[in-house]
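Participant: Contents are compact mmCIF, C-alpha atoms (C1' of nucleotides); file name model-v6.txt:
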```
# COMPACT_ATOMS: atom_id res chain seq x y z
CA MET L 1 16.95 -31.07 15.31
CA SER L 2 13.45 -29.64 15.34
CA ALA L 3 10.24 -31.44 16.18
CA SER L 4 8.83 -30.87 12.74
CA SER L 5 10.84 -32.06 9.79
CA ALA L 6 8.83 -30.35 7.05
CA PRO L 7 10.91 -27.94 5.00
CA GLY L 8 10.60 -24.23 4.45
CA PRO L 9 9.88 -21.15 6.52
CA GLU L 10 7.93 -21.73 9.72
CA ALA L 11 5.00 -19.65 8.56
CA PHE L 12 4.16 -22.15 5.85
CA ARG L 13 4.55 -25.39 7.76
CA PRO L 14 3.15 -26.88 10.95
CA HIS L 15 5.20 -26.03 14.00
CA ASP L 16 4.89 -25.70 17.75
CA HIS L 17 3.39 -22.29 17.67
CA ARG L 18 3.30 -21.75 21.41
CA THR L 19 7.07 -22.12 21.57
CA CYS L 20 7.59 -19.98 18.51
CA ARG L 21 5.52 -17.14 19.98
CA GLY L 22 7.00 -17.43 23.45
CA ARG L 23 10.52 -17.29 22.13
CA ALA L 24 9.83 -14.19 20.05
CA LEU L 25 8.11 -12.47 22.93
CA SER L 26 10.91 -13.00 25.43
CA ALA L 27 13.45 -11.95 22.83
CA ALA L 28 11.50 -8.72 22.41
CA ARG L 29 11.36 -8.14 26.17
CA ALA L 30 15.08 -8.70 26.49
CA LEU L 31 15.83 -6.35 23.63
CA CYS L 32 13.62 -3.62 25.06
CA ALA L 33 15.29 -3.91 28.44
CA GLU L 34 18.69 -3.69 26.82
CA ARG L 35 17.80 -0.66 24.74
CA ARG L 36 15.77 1.16 27.37
CA LEU L 37 12.62 0.87 25.29
CA ARG L 38 9.25 0.59 26.99
CA LEU L 39 7.27 -2.44 25.93
CA THR L 40 4.06 -1.11 27.46
CA PRO L 41 0.92 -3.25 27.83
CA ALA L 42 -0.62 -1.98 24.63
CA ARG L 43 2.57 -2.51 22.66
CA ALA L 44 3.14 -5.95 24.14
CA PHE L 45 -0.44 -6.89 23.42
CA VAL L 46 -0.16 -5.82 19.79
CA LEU L 47 3.08 -7.73 19.40
CA GLU L 48 1.54 -10.82 21.00
CA THR L 49 -1.44 -10.52 18.74
CA LEU L 50 0.75 -10.37 15.67
CA LEU L 51 2.80 -13.27 16.96
CA GLY L 52 -0.44 -15.18 17.48
CA SER L 53 -0.54 -16.06 13.81
CA HIS L 54 1.71 -15.82 10.83
CA ARG L 55 -0.94 -13.96 8.94
CA ALA L 56 -0.62 -10.32 8.14
CA MET L 57 -3.22 -8.43 10.16
CA THR L 58 -4.74 -5.08 9.35
CA ALA L 59 -4.53 -2.31 11.90
CA TYR L 60 -8.26 -2.55 12.45
CA GLU L 61 -8.19 -6.29 13.07
CA ILE L 62 -5.63 -5.62 15.75
CA LEU L 63 -7.73 -2.78 17.09
CA ASP L 64 -10.62 -5.18 17.54
CA ALA L 65 -8.41 -7.42 19.62
CA LEU L 66 -7.15 -4.47 21.67
CA SER L 67 -10.65 -3.31 22.17
CA ALA L 68 -11.80 -6.74 23.32
CA ALA L 69 -8.94 -6.71 25.82
CA GLY L 70 -9.99 -3.30 27.10
CA LEU L 71 -6.76 -1.67 26.00
CA GLY L 72 -8.22 1.07 23.86
CA ASN L 73 -10.64 1.39 21.01
CA GLN L 74 -9.52 4.30 18.88
CA PRO L 75 -7.32 3.99 15.79
CA PRO L 76 -4.41 6.05 17.13
CA VAL L 77 -3.91 3.45 19.83
CA VAL L 78 -3.06 0.73 17.34
CA TYR L 79 -1.13 2.94 15.00
CA ARG L 80 1.07 4.23 17.79
CA ALA L 81 1.85 0.74 18.98
CA LEU L 82 2.54 -0.38 15.42
CA ASP L 83 4.77 2.63 14.79
CA PHE L 84 6.81 1.66 17.81
CA LEU L 85 7.06 -1.99 16.82
CA VAL L 86 7.97 -1.23 13.22
CA ALA L 87 10.44 1.51 14.11
CA ASN L 88 12.24 -0.84 16.46
CA GLY L 89 12.23 -3.83 14.19
CA PHE L 90 9.70 -5.99 16.04
CA ALA L 91 7.18 -5.90 13.23
CA HIS L 92 6.96 -5.13 9.54
CA ARG L 93 4.39 -3.44 7.41
CA ILE L 94 3.38 -5.46 4.37
CA GLU L 95 2.80 -2.64 1.93
CA ARG L 96 1.01 -4.79 -0.55
CA LEU L 97 -1.73 -5.59 1.96
CA ALA L 98 -1.64 -2.45 4.08
CA ALA L 99 -1.20 -4.92 6.93
CA PHE L 100 1.29 -5.85 9.60
CA THR L 101 3.20 -8.92 10.68
CA ALA L 102 5.56 -9.75 13.51
CA CYS L 103 9.23 -9.84 12.63
CA SER L 104 10.84 -13.25 12.80
CA HIS L 105 14.35 -11.93 13.26
CA ALA L 106 13.90 -9.07 15.68
CA GLY L 107 17.06 -7.52 16.97
CA THR L 108 19.33 -8.60 14.17
CA ALA L 109 19.68 -5.80 11.67
CA HIS L 110 18.39 -7.14 8.42
CA ASN L 111 16.91 -6.43 5.07
CA ALA L 112 13.94 -8.70 4.73
CA GLY L 113 12.00 -10.20 1.88
CA PHE L 114 8.46 -11.52 2.24
CA LEU L 115 6.45 -14.30 0.68
CA VAL L 116 2.85 -13.14 0.87
CA CYS L 117 0.07 -15.62 0.17
CA ARG L 118 -2.72 -13.70 -1.53
CA SER L 119 -5.23 -16.34 -0.54
CA CYS L 120 -4.68 -16.84 3.22
CA ARG L 121 -2.54 -13.76 3.85
CA ARG L 122 0.07 -15.77 5.68
CA VAL L 123 3.48 -14.17 5.43
CA ALA L 124 6.93 -15.70 5.60
CA GLU L 125 10.03 -13.59 6.11
CA THR L 126 13.43 -14.33 4.63
CA PRO L 127 16.53 -12.34 5.41
CA LEU L 128 18.04 -10.81 2.30
CA PRO L 129 21.73 -10.00 2.51
CA ARG L 130 21.47 -6.96 0.25
CA PRO L 131 19.21 -5.25 -2.25
CA ALA L 132 19.43 -6.44 -5.85
CA ALA L 133 22.70 -5.50 -7.52
CA GLU L 134 20.88 -3.77 -10.38
CA LEU L 135 19.04 -1.52 -7.96
CA VAL L 136 22.15 -0.67 -5.99
CA GLU L 137 23.97 0.16 -9.17
CA ALA L 138 21.16 2.34 -10.53
CA ALA L 139 21.09 4.15 -7.19
CA GLU L 140 24.83 4.77 -7.20
CA VAL L 141 24.83 6.07 -10.73
CA ALA L 142 21.97 8.46 -9.95
CA GLY L 143 23.36 9.59 -6.61
CA PHE L 144 20.33 8.14 -4.90
CA VAL L 145 20.83 7.08 -1.29
CA ILE L 146 18.86 3.97 -0.40
CA GLU L 147 17.58 3.94 3.17
CA ARG L 148 15.41 0.87 3.23
CA THR L 149 14.18 -1.65 0.71
CA ALA L 150 10.90 -3.53 0.66
CA VAL L 151 10.75 -6.82 -1.20
CA GLU L 152 7.39 -8.51 -1.33
CA ALA L 153 6.64 -11.56 -3.44
CA GLU L 154 2.95 -12.17 -3.90
CA GLY L 155 1.73 -15.62 -4.75
CA VAL L 156 0.02 -18.69 -3.38
CA CYS L 157 1.33 -20.93 -0.63
CA ALA L 158 1.40 -24.72 -0.91
CA ARG L 159 -1.57 -25.25 1.37
CA CYS L 160 -3.85 -22.86 -0.50
CA ARG L 161 -2.79 -24.26 -3.84
CA GLU L 162 -3.70 -27.76 -2.73
CA ALA L 163 -6.95 -26.58 -1.20
CA ALA L 164 -7.91 -24.99 -4.50
CA THR L 165 -7.56 -28.27 -6.38
CA MET A 1 23.69 9.22 -28.15
CA SER A 2 21.30 11.21 -26.02
CA ALA A 3 21.01 14.97 -25.72
CA SER A 4 21.76 14.93 -22.02
CA SER A 5 24.96 13.32 -20.85
CA ALA A 6 24.16 13.16 -17.13
CA PRO A 7 24.20 9.63 -15.77
CA GLY A 8 21.47 7.55 -14.23
CA PRO A 9 17.82 6.86 -14.80
CA GLU A 10 15.90 9.56 -16.65
CA ALA A 11 13.64 10.26 -13.73
CA PHE A 12 16.51 11.67 -11.70
CA ARG A 13 18.22 13.78 -14.31
CA PRO A 14 17.22 16.58 -16.64
CA HIS A 15 15.96 15.34 -19.99
CA ASP A 16 13.77 16.39 -22.86
CA HIS A 17 10.56 15.51 -21.21
CA ARG A 18 8.30 16.23 -24.14
CA THR A 19 10.13 13.64 -26.21
CA CYS A 20 10.18 11.17 -23.37
CA ARG A 21 6.42 11.44 -22.86
CA GLY A 22 5.62 11.40 -26.57
CA ARG A 23 7.67 8.29 -27.13
CA ALA A 24 5.99 6.43 -24.28
CA LEU A 25 2.56 7.48 -25.41
CA SER A 26 2.98 6.32 -29.01
CA ALA A 27 4.51 3.08 -27.80
CA ALA A 28 1.40 2.55 -25.69
CA ARG A 29 -0.91 3.30 -28.62
CA ALA A 30 0.98 0.88 -30.84
CA LEU A 31 0.86 -1.84 -28.21
CA CYS A 32 -2.85 -1.38 -27.64
CA ALA A 33 -3.53 -1.61 -31.37
CA GLU A 34 -1.45 -4.76 -31.62
CA ARG A 35 -3.16 -6.41 -28.66
CA ARG A 36 -6.68 -5.26 -29.41
CA LEU A 37 -6.81 -3.23 -26.22
CA ARG A 38 -8.86 -0.08 -26.07
CA LEU A 39 -6.91 2.95 -24.98
CA THR A 40 -10.05 4.98 -24.37
CA PRO A 41 -9.95 8.75 -23.71
CA ALA A 42 -10.04 8.34 -19.95
CA ARG A 43 -7.31 5.71 -19.99
CA ALA A 44 -5.15 7.70 -22.38
CA PHE A 45 -5.61 10.79 -20.26
CA VAL A 46 -4.56 9.00 -17.09
CA LEU A 47 -1.52 7.56 -18.83
CA GLU A 48 -0.59 10.98 -20.19
CA THR A 49 -1.01 12.48 -16.77
CA LEU A 50 1.28 9.90 -15.23
CA LEU A 51 3.77 10.41 -18.03
CA GLY A 52 3.59 14.13 -17.37
CA SER A 53 5.99 13.76 -14.49
CA HIS A 54 8.20 11.11 -13.04
CA ARG A 55 6.55 11.54 -9.69
CA ALA A 56 4.29 8.92 -8.25
CA MET A 57 0.77 10.32 -8.19
CA THR A 58 -2.06 9.27 -5.93
CA ALA A 59 -5.32 8.17 -7.47
CA TYR A 60 -7.00 11.29 -6.16
CA GLU A 61 -4.40 13.62 -7.65
CA ILE A 62 -5.11 11.98 -10.99
CA LEU A 63 -8.83 12.25 -10.37
CA ASP A 64 -8.44 16.00 -9.92
CA ALA A 65 -6.78 16.18 -13.33
CA LEU A 66 -9.49 14.02 -14.91
CA SER A 67 -12.11 16.14 -13.31
CA ALA A 68 -10.53 19.35 -14.60
CA ALA A 69 -10.54 17.81 -18.08
CA GLY A 70 -14.21 16.92 -17.75
CA LEU A 71 -13.56 13.22 -18.01
CA GLY A 72 -15.25 12.15 -14.80
CA ASN A 73 -15.14 13.04 -11.17
CA GLN A 74 -15.88 9.91 -9.20
CA PRO A 75 -13.21 7.60 -7.76
CA PRO A 76 -14.18 4.52 -9.80
CA VAL A 77 -13.27 6.41 -12.97
CA VAL A 78 -9.63 6.68 -11.97
CA TYR A 79 -9.39 3.29 -10.40
CA ARG A 80 -10.78 1.59 -13.48
CA ALA A 81 -8.33 3.38 -15.74
CA LEU A 82 -5.47 2.58 -13.37
CA ASP A 83 -6.52 -1.07 -13.17
CA PHE A 84 -6.36 -1.26 -16.93
CA LEU A 85 -2.98 0.45 -17.15
CA VAL A 86 -1.44 -1.63 -14.38
CA ALA A 87 -2.90 -4.91 -15.66
CA ASN A 88 -1.45 -4.27 -19.09
CA GLY A 89 1.92 -3.08 -17.92
CA PHE A 90 1.59 0.62 -18.78
CA ALA A 91 1.79 1.72 -15.18
CA HIS A 92 2.88 0.47 -11.79
CA ARG A 93 1.50 0.87 -8.33
CA ILE A 94 4.08 2.04 -5.82
CA GLU A 95 2.87 0.16 -2.78
CA ARG A 96 4.94 2.15 -0.36
CA LEU A 97 3.16 5.36 -1.35
CA ALA A 98 -0.23 3.98 -2.37
CA ALA A 99 0.49 5.84 -5.59
CA PHE A 100 0.98 5.22 -9.26
CA THR A 101 3.63 5.86 -11.86
CA ALA A 102 3.92 5.29 -15.62
CA CYS A 103 5.97 2.32 -16.67
CA SER A 104 9.19 3.14 -18.46
CA HIS A 105 9.47 -0.19 -20.20
CA ALA A 106 5.92 -0.89 -21.29
CA GLY A 107 5.47 -3.86 -23.51
CA THR A 108 8.58 -5.73 -22.51
CA ALA A 109 7.72 -8.28 -19.86
CA HIS A 110 9.76 -7.38 -16.86
CA ASN A 111 10.18 -7.56 -13.17
CA ALA A 112 10.85 -4.04 -12.03
CA GLY A 113 12.56 -2.44 -9.10
CA PHE A 114 11.92 1.15 -8.03
CA LEU A 115 13.94 3.92 -6.46
CA VAL A 116 11.44 6.06 -4.59
CA CYS A 117 12.52 9.47 -3.29
CA ARG A 118 10.69 10.03 -0.03
CA SER A 119 11.17 13.76 -0.34
CA CYS A 120 9.96 14.61 -3.86
CA ARG A 121 8.20 11.32 -4.63
CA ARG A 122 9.96 10.98 -7.94
CA VAL A 123 10.30 7.37 -8.96
CA ALA A 124 12.86 5.66 -11.18
CA GLU A 125 12.31 2.19 -12.54
CA THR A 126 15.01 -0.39 -13.13
CA PRO A 127 14.42 -3.72 -14.79
CA LEU A 128 15.34 -6.59 -12.49
CA PRO A 129 16.15 -9.85 -14.23
CA ARG A 130 14.77 -12.01 -11.43
CA PRO A 131 13.70 -11.91 -7.78
CA ALA A 132 16.43 -12.32 -5.18
CA ALA A 133 17.88 -15.83 -5.11
CA GLU A 134 17.16 -16.18 -1.38
CA LEU A 135 13.50 -15.44 -1.94
CA VAL A 136 13.18 -17.81 -4.86
CA GLU A 137 14.85 -20.53 -2.84
CA ALA A 138 12.64 -19.99 0.18
CA ALA A 139 9.62 -20.12 -2.10
CA GLU A 140 10.70 -23.35 -3.73
CA VAL A 141 11.41 -25.04 -0.43
CA ALA A 142 8.01 -24.04 0.91
CA GLY A 143 6.12 -24.90 -2.26
CA PHE A 144 5.14 -21.26 -2.61
CA VAL A 145 4.43 -20.10 -6.15
CA ILE A 146 5.55 -16.52 -6.76
CA GLU A 147 3.33 -14.60 -9.15
CA ARG A 148 4.75 -11.11 -8.94
CA THR A 149 7.38 -9.37 -6.90
CA ALA A 150 7.50 -5.77 -5.77
CA VAL A 151 10.89 -4.26 -5.03
CA GLU A 152 10.87 -0.71 -3.74
CA ALA A 153 13.91 1.09 -2.41
CA GLU A 154 13.03 4.16 -0.39
CA GLY A 155 15.59 6.90 -0.01
CA VAL A 156 16.56 10.37 -1.12
CA CYS A 157 17.51 11.39 -4.64
CA ALA A 158 20.57 13.46 -5.42
CA ARG A 159 18.65 16.66 -6.05
CA CYS A 160 16.75 16.53 -2.75
CA ARG A 161 19.88 15.66 -0.84
CA GLU A 162 21.65 18.70 -2.26
CA ALA A 163 18.63 20.90 -1.66
CA ALA A 164 18.62 19.85 1.98
CA THR A 165 22.21 21.00 2.49
C1' DG V 1 7.71 14.98 45.54
C1' DC V 2 8.40 17.28 41.37
C1' DG V 3 9.66 18.50 36.65
C1' DG V 4 9.99 17.00 32.00
C1' DG V 5 9.68 13.67 28.44
C1' DA V 6 7.15 9.79 26.94
C1' DA V 7 2.86 7.36 26.45
C1' DT V 8 -2.20 7.31 26.31
C1' DG V 9 -7.22 8.92 25.65
C1' DT V 10 -10.33 11.09 22.64
C1' DT V 11 -12.49 13.77 19.06
C1' DA V 12 -12.82 14.63 14.67
C1' DC V 13 -11.23 14.10 10.05
C1' DA V 14 -8.70 13.06 5.68
C1' DA V 15 -7.31 9.85 2.28
C1' DA V 16 -7.69 5.53 -0.27
C1' DG V 17 -10.44 2.12 -2.30
C1' DT V 18 -14.81 -0.69 -3.63
C1' DA V 19 -19.62 -2.72 -4.42
C1' DA V 20 -23.35 -2.54 -7.13
C1' DC V 21 -26.26 -1.37 -10.72
C1' DA V 22 -27.98 1.39 -14.62
C1' DG V 23 -26.91 3.10 -19.08
C1' DA V 24 -24.02 3.76 -23.24
C1' DT V 25 -21.05 2.11 -26.79
C1' DG V 26 -18.12 -0.81 -29.63
C1' DT V 27 -17.78 -4.96 -32.46
C1' DC V 28 -18.78 -8.94 -34.75
C1' DA V 29 -21.78 -12.84 -36.66
C1' DG V 30 -25.23 -13.51 -39.54
C1' DC F 1 -27.72 -3.56 -41.43
C1' DT F 2 -28.92 -5.26 -37.20
C1' DG F 3 -29.28 -7.38 -33.20
C1' DA F 4 -26.71 -9.56 -29.34
C1' DC F 5 -22.99 -9.60 -26.30
C1' DA F 6 -19.19 -7.82 -24.09
C1' DT F 7 -16.93 -3.95 -22.57
C1' DC F 8 -16.70 0.54 -20.91
C1' DT F 9 -18.78 4.53 -18.40
C1' DG F 10 -21.70 7.20 -14.86
C1' DT F 11 -23.15 7.50 -10.37
C1' DT F 12 -24.48 6.58 -5.57
C1' DA F 13 -23.14 5.26 -1.48
C1' DC F 14 -20.11 3.10 1.39
C1' DT F 15 -15.89 0.71 3.69
C1' DT F 16 -11.23 0.68 5.01
C1' DT F 17 -7.03 2.88 6.27
C1' DG F 18 -4.58 6.42 8.41
C1' DT F 19 -3.78 11.26 10.96
C1' DA F 20 -3.90 15.89 13.23
C1' DA F 21 -4.41 17.93 17.35
C1' DC F 22 -4.87 18.54 22.08
C1' DA F 23 -5.77 17.19 26.87
C1' DT F 24 -4.29 13.96 30.34
C1' DT F 25 -1.70 10.64 32.69
C1' DC F 26 2.32 8.04 33.70
C1' DC F 27 7.16 7.09 34.67
C1' DC F 28 11.85 8.07 35.82
C1' DG F 29 15.71 10.74 37.43
C1' DC F 30 16.84 14.11 40.47
```
Take the structure in the file and write it out as structure tokens.

Facilitator:
Amino acid sequence: MSASSAPGPEAFRPHDHRTCRGRALSAARALCAERRLRLTPARAFVLETLLGSHRAMTAYEILDALSAAGLGNQPPVVYRALDFLVANGFAHRIERLAAFTACSHAGTAHNAGFLVCRSCRRVAETPLPRPAAELVEAAEVAGFVIERTAVEAEGVCARCREAAT
Amino acid sequence: MSASSAPGPEAFRPHDHRTCRGRALSAARALCAERRLRLTPARAFVLETLLGSHRAMTAYEILDALSAAGLGNQPPVVYRALDFLVANGFAHRIERLAAFTACSHAGTAHNAGFLVCRSCRRVAETPLPRPAAELVEAAEVAGFVIERTAVEAEGVCARCREAAT
DNA sequence: GCGGGAATGTTACAAAGTAACAGATGTCAG
DNA sequence: CTGACATCTGTTACTTTGTAACATTCCCGC
């Protein structure tokens, strides 16, 4: 039983964020150790920064944070860290926003779908068991091999909708 | 009965492209007349250009074509035409590529899914009846209102896979 | 302690997208 | 027909996003 009883994905309801971030961070450290991946200071900092909110952040927002922390101030620094995090499943790129968000299910192989609030840019992730049947079928018929699928639903979250009233 | 008997979406098989483009273009003209929309020369040219191939084209590729045709050579020209075409369902933005493609089902309201070949950038569109059930459910639980959903499967088409052999 | 692969620092760009405003043009009421 | 209003176009200048390329430093196994 969780402390908060509100329904829905964590991103869109109040929750103990310190716990949520801490858990994700130690999971990432454990996974990196297991897979012989190097979660270097810059990479860890970027991951922490992303975990610091459930908003999608642009590469340059993250770069500002890195820069403030004295960990580098040129674009390649962020993009390299993000490449690493995305490649290893610790973060996702939200194509629609050209922005990035921490993965809420790191380690478990998964196809993910995203609810993206166009007002506050908060992002919730939902595991999707498989791509839409229609798409899979079209791919099979055409001999197209699907490697990864991005599913992004754009809309307005409950909080922003109420705020707009 | 179609001239070509190969299976799958048109984009990934040989077909009479002149017919395919002509059909789409007159459908667009008819729709614009019906809805009192102005398919101005620049807009028509951009649509034709997109219809000219089944590849996703970047805004700047299209701008080069516009420019060669003497229809404008500044970015806003393309982006305005693309905004119009996308807003009215004649084209889609492929988020993954930051590129654009003509819609193969213009006029009919539809949620679409895309097969995007990462090698040749050809794009096939498949109508999707509805967003994934898991996503819809997560949205409902969270009070999130979905406005539009982008589904993009990245992979390799049959032709490119064979070519790579 | 050293050799090789991985990670970082840095410069300099390329590519993608937009804000803002002036001018032209289409269209509809009177 | 004519003005008034909305829409579309032209243009300048700029912001944001992302990379190529190369030198340097770090880490780990031997």

Participant: Produce a table with one row for each residue of chain V that has an atom at most 8 Å from any atom of range 14-25 of chain F, each row naming the nearest atom pair and its distance in Å at one decimal; use all atoms listed in the file; arrange rows by chain and rising residue number; format as JSON lines.

Facilitator:
```
{"residue": "V:DT8", "atom": "C1'", "partner": "F:DT25", "partner_atom": "C1'", "distance": 7.2}
{"residue": "V:DG9", "atom": "C1'", "partner": "F:DT24", "partner_atom": "C1'", "distance": 7.5}
{"residue": "V:DA14", "atom": "C1'", "partner": "F:DT19", "partner_atom": "C1'", "distance": 7.4}
{"residue": "V:DA15", "atom": "C1'", "partner": "F:DG18", "partner_atom": "C1'", "distance": 7.5}
{"residue": "V:DA16", "atom": "C1'", "partner": "F:DT17", "partner_atom": "C1'", "distance": 7.1}
{"residue": "V:DG17", "atom": "C1'", "partner": "F:DT16", "partner_atom": "C1'", "distance": 7.5}
{"residue": "V:DT18", "atom": "C1'", "partner": "F:DT15", "partner_atom": "C1'", "distance": 7.5}
```

Participant: Given only C-alpha atoms (C1' of nucleotides) as the basis, pick out the residue of L:Gly113, L:Gly89, L:Pro75, L:Gly155 nearest to chain V.

Facilitator: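 Distance minimum relative to chain V lands on L:Pro75.
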
Participant: Enter the distance from CA of Ala28 in chain L to CA of Leu51 in chain L, in Å, rounded to one decimal.

Facilitator: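 According to the coordinates, CA of Ala28 in chain L and CA of Leu51 in chain L are separated by 11.2 Å.
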
Participant: What separation in Å, quoted to one decimal, exists between CA of Ala139 in chain L and CA of Val123 in chain A?

Facilitator: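 Between CA of Ala139 in chain L and CA of Val123 in chain A the gap is 11.4 Å.
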
Participant: Do you have, as a tab-separated table, the list of residues of chain L lying at most 10 Å from chain A, each with its nearest atom pair and that distance in Å to one decimal, counting all atoms listed in the file and ordered by chain then number?

Facilitator:
```
residue	atom	partner	partner_atom	distance
L:Ala6	CA	A:Ala142	CA	8.8
L:Pro7	CA	A:Val141	CA	6.2
L:Gly8	CA	A:Ala142	CA	4.4
L:Pro9	CA	A:Ala142	CA	6.6
L:Glu10	CA	A:Ala142	CA	9.1
L:Ala11	CA	A:Ala142	CA	9.3
L:Phe12	CA	A:Ala142	CA	6.5
L:Arg13	CA	A:Ala142	CA	7.8
L:Arg93	CA	A:Arg96	CA	9.6
L:Ile94	CA	A:Arg96	CA	9.1
L:Glu95	CA	A:Glu95	CA	5.5
L:Arg96	CA	A:Glu95	CA	5.7
L:Leu97	CA	A:Glu95	CA	8.8
L:Ala98	CA	A:Glu95	CA	8.6
L:Ala112	CA	A:Leu135	CA	9.5
L:Gly113	CA	A:Leu135	CA	6.7
L:Phe114	CA	A:Leu135	CA	7.6
L:Leu115	CA	A:Ala139	CA	7.2
L:Val116	CA	A:Ile146	CA	8.8
L:Cys117	CA	A:Phe144	CA	8.1
L:Arg118	CA	A:Glu147	CA	9.8
L:Ala124	CA	A:Ala138	CA	9.0
L:Glu125	CA	A:Leu135	CA	9.0
L:Thr126	CA	A:Leu135	CA	6.7
L:Pro127	CA	A:Glu134	CA	7.8
L:Leu128	CA	A:Glu134	CA	6.6
L:Pro129	CA	A:Glu134	CA	8.6
L:Arg130	CA	A:Ala132	CA	9.1
L:Pro131	CA	A:Ala132	CA	8.1
L:Ala132	CA	A:Ala132	CA	6.6
L:Ala133	CA	A:Leu128	CA	8.9
L:Glu134	CA	A:Leu128	CA	6.6
L:Leu135	CA	A:Gly113	CA	6.6
L:Val136	CA	A:Ala153	CA	9.2
L:Glu137	CA	A:Gly8	CA	9.3
L:Ala138	CA	A:Gly8	CA	6.4
L:Ala139	CA	A:Leu115	CA	7.2
L:Glu140	CA	A:Gly8	CA	8.3
L:Val141	CA	A:Gly8	CA	5.1
L:Ala142	CA	A:Gly8	CA	4.4
L:Gly143	CA	A:Ala158	CA	4.9
L:Phe144	CA	A:Cys157	CA	4.3
L:Val145	CA	A:Val156	CA	5.4
L:Ile146	CA	A:Gly155	CA	4.4
L:Glu147	CA	A:Gly155	CA	4.8
L:Arg148	CA	A:Glu154	CA	5.4
L:Thr149	CA	A:Ala153	CA	4.2
L:Ala150	CA	A:Glu152	CA	5.2
L:Val151	CA	A:Val151	CA	4.6
L:Glu152	CA	A:Ala150	CA	5.2
L:Ala153	CA	A:Thr149	CA	4.2
L:Glu154	CA	A:Arg148	CA	5.5
L:Gly155	CA	A:Ile146	CA	4.4
L:Val156	CA	A:Val145	CA	5.4
L:Cys157	CA	A:Phe144	CA	4.3
L:Ala158	CA	A:Gly143	CA	4.9
L:Arg159	CA	A:Gly143	CA	8.5
L:Cys160	CA	A:Phe144	CA	9.4
L:Arg161	CA	A:Phe144	CA	8.6
```

Participant: Got time to write the residues from that selection, C-alpha atoms, as a compact mmCIF listing (two decimals), in the frame of the given file?

Facilitator:
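For reference, out-v5.txt as written:
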```
# COMPACT_ATOMS: atom_id res chain seq x y z
CA ALA L 6 8.83 -30.35 7.05
CA PRO L 7 10.91 -27.94 5.00
CA GLY L 8 10.60 -24.23 4.45
CA PRO L 9 9.88 -21.15 6.52
CA GLU L 10 7.93 -21.73 9.72
CA ALA L 11 5.00 -19.65 8.56
CA PHE L 12 4.16 -22.15 5.85
CA ARG L 13 4.55 -25.39 7.76
CA ARG L 93 4.39 -3.44 7.41
CA ILE L 94 3.38 -5.46 4.37
CA GLU L 95 2.80 -2.64 1.93
CA ARG L 96 1.01 -4.79 -0.55
CA LEU L 97 -1.73 -5.59 1.96
CA ALA L 98 -1.64 -2.45 4.08
CA ALA L 112 13.94 -8.70 4.73
CA GLY L 113 12.00 -10.20 1.88
CA PHE L 114 8.46 -11.52 2.24
CA LEU L 115 6.45 -14.30 0.68
CA VAL L 116 2.85 -13.14 0.87
CA CYS L 117 0.07 -15.62 0.17
CA ARG L 118 -2.72 -13.70 -1.53
CA ALA L 124 6.93 -15.70 5.60
CA GLU L 125 10.03 -13.59 6.11
CA THR L 126 13.43 -14.33 4.63
CA PRO L 127 16.53 -12.34 5.41
CA LEU L 128 18.04 -10.81 2.30
CA PRO L 129 21.73 -10.00 2.51
CA ARG L 130 21.47 -6.96 0.25
CA PRO L 131 19.21 -5.25 -2.25
CA ALA L 132 19.43 -6.44 -5.85
CA ALA L 133 22.70 -5.50 -7.52
CA GLU L 134 20.88 -3.77 -10.38
CA LEU L 135 19.04 -1.52 -7.96
CA VAL L 136 22.15 -0.67 -5.99
CA GLU L 137 23.97 0.16 -9.17
CA ALA L 138 21.16 2.34 -10.53
CA ALA L 139 21.09 4.15 -7.19
CA GLU L 140 24.83 4.77 -7.20
CA VAL L 141 24.83 6.07 -10.73
CA ALA L 142 21.97 8.46 -9.95
CA GLY L 143 23.36 9.59 -6.61
CA PHE L 144 20.33 8.14 -4.90
CA VAL L 145 20.83 7.08 -1.29
CA ILE L 146 18.86 3.97 -0.40
CA GLU L 147 17.58 3.94 3.17
CA ARG L 148 15.41 0.87 3.23
CA THR L 149 14.18 -1.65 0.71
CA ALA L 150 10.90 -3.53 0.66
CA VAL L 151 10.75 -6.82 -1.20
CA GLU L 152 7.39 -8.51 -1.33
CA ALA L 153 6.64 -11.56 -3.44
CA GLU L 154 2.95 -12.17 -3.90
CA GLY L 155 1.73 -15.62 -4.75
CA VAL L 156 0.02 -18.69 -3.38
CA CYS L 157 1.33 -20.93 -0.63
CA ALA L 158 1.40 -24.72 -0.91
CA ARG L 159 -1.57 -25.25 1.37
CA CYS L 160 -3.85 -22.86 -0.50
CA ARG L 161 -2.79 -24.26 -3.84
```

Participant: Taking all atoms listed in the file into account, name the residue in V:DA19, V:DA24, V:DA29, V:DG4 that is nearest to chain A.

Facilitator: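 Result for the nearest residue to chain A: V:DA19.
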
Participant: For a quick test of understanding: name the residues of chain F lying within 12 Å of chain A when counting all atoms listed in the file, and present them as an MDAnalysis selection string.

Facilitator: chainID F and resid 7:13 17:18

Participant: What does the file look like for those residues with C-alpha atoms (C1' of nucleotides), as a PDB file, keeping the file's coordinate frame?

Facilitator:
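Okay, selection30.pdb is ready:
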```pdb
ATOM      1  C1'  DT F   7     -16.930  -3.950 -22.570  1.00  0.00           C
ATOM      2  C1'  DC F   8     -16.700   0.540 -20.910  1.00  0.00           C
ATOM      3  C1'  DT F   9     -18.780   4.530 -18.400  1.00  0.00           C
ATOM      4  C1'  DG F  10     -21.700   7.200 -14.860  1.00  0.00           C
ATOM      5  C1'  DT F  11     -23.150   7.500 -10.370  1.00  0.00           C
ATOM      6  C1'  DT F  12     -24.480   6.580  -5.570  1.00  0.00           C
ATOM      7  C1'  DA F  13     -23.140   5.260  -1.480  1.00  0.00           C
ATOM      8  C1'  DT F  17      -7.030   2.880   6.270  1.00  0.00           C
ATOM      9  C1'  DG F  18      -4.580   6.420   8.410  1.00  0.00           C
TER      10       DG F  18
END
```
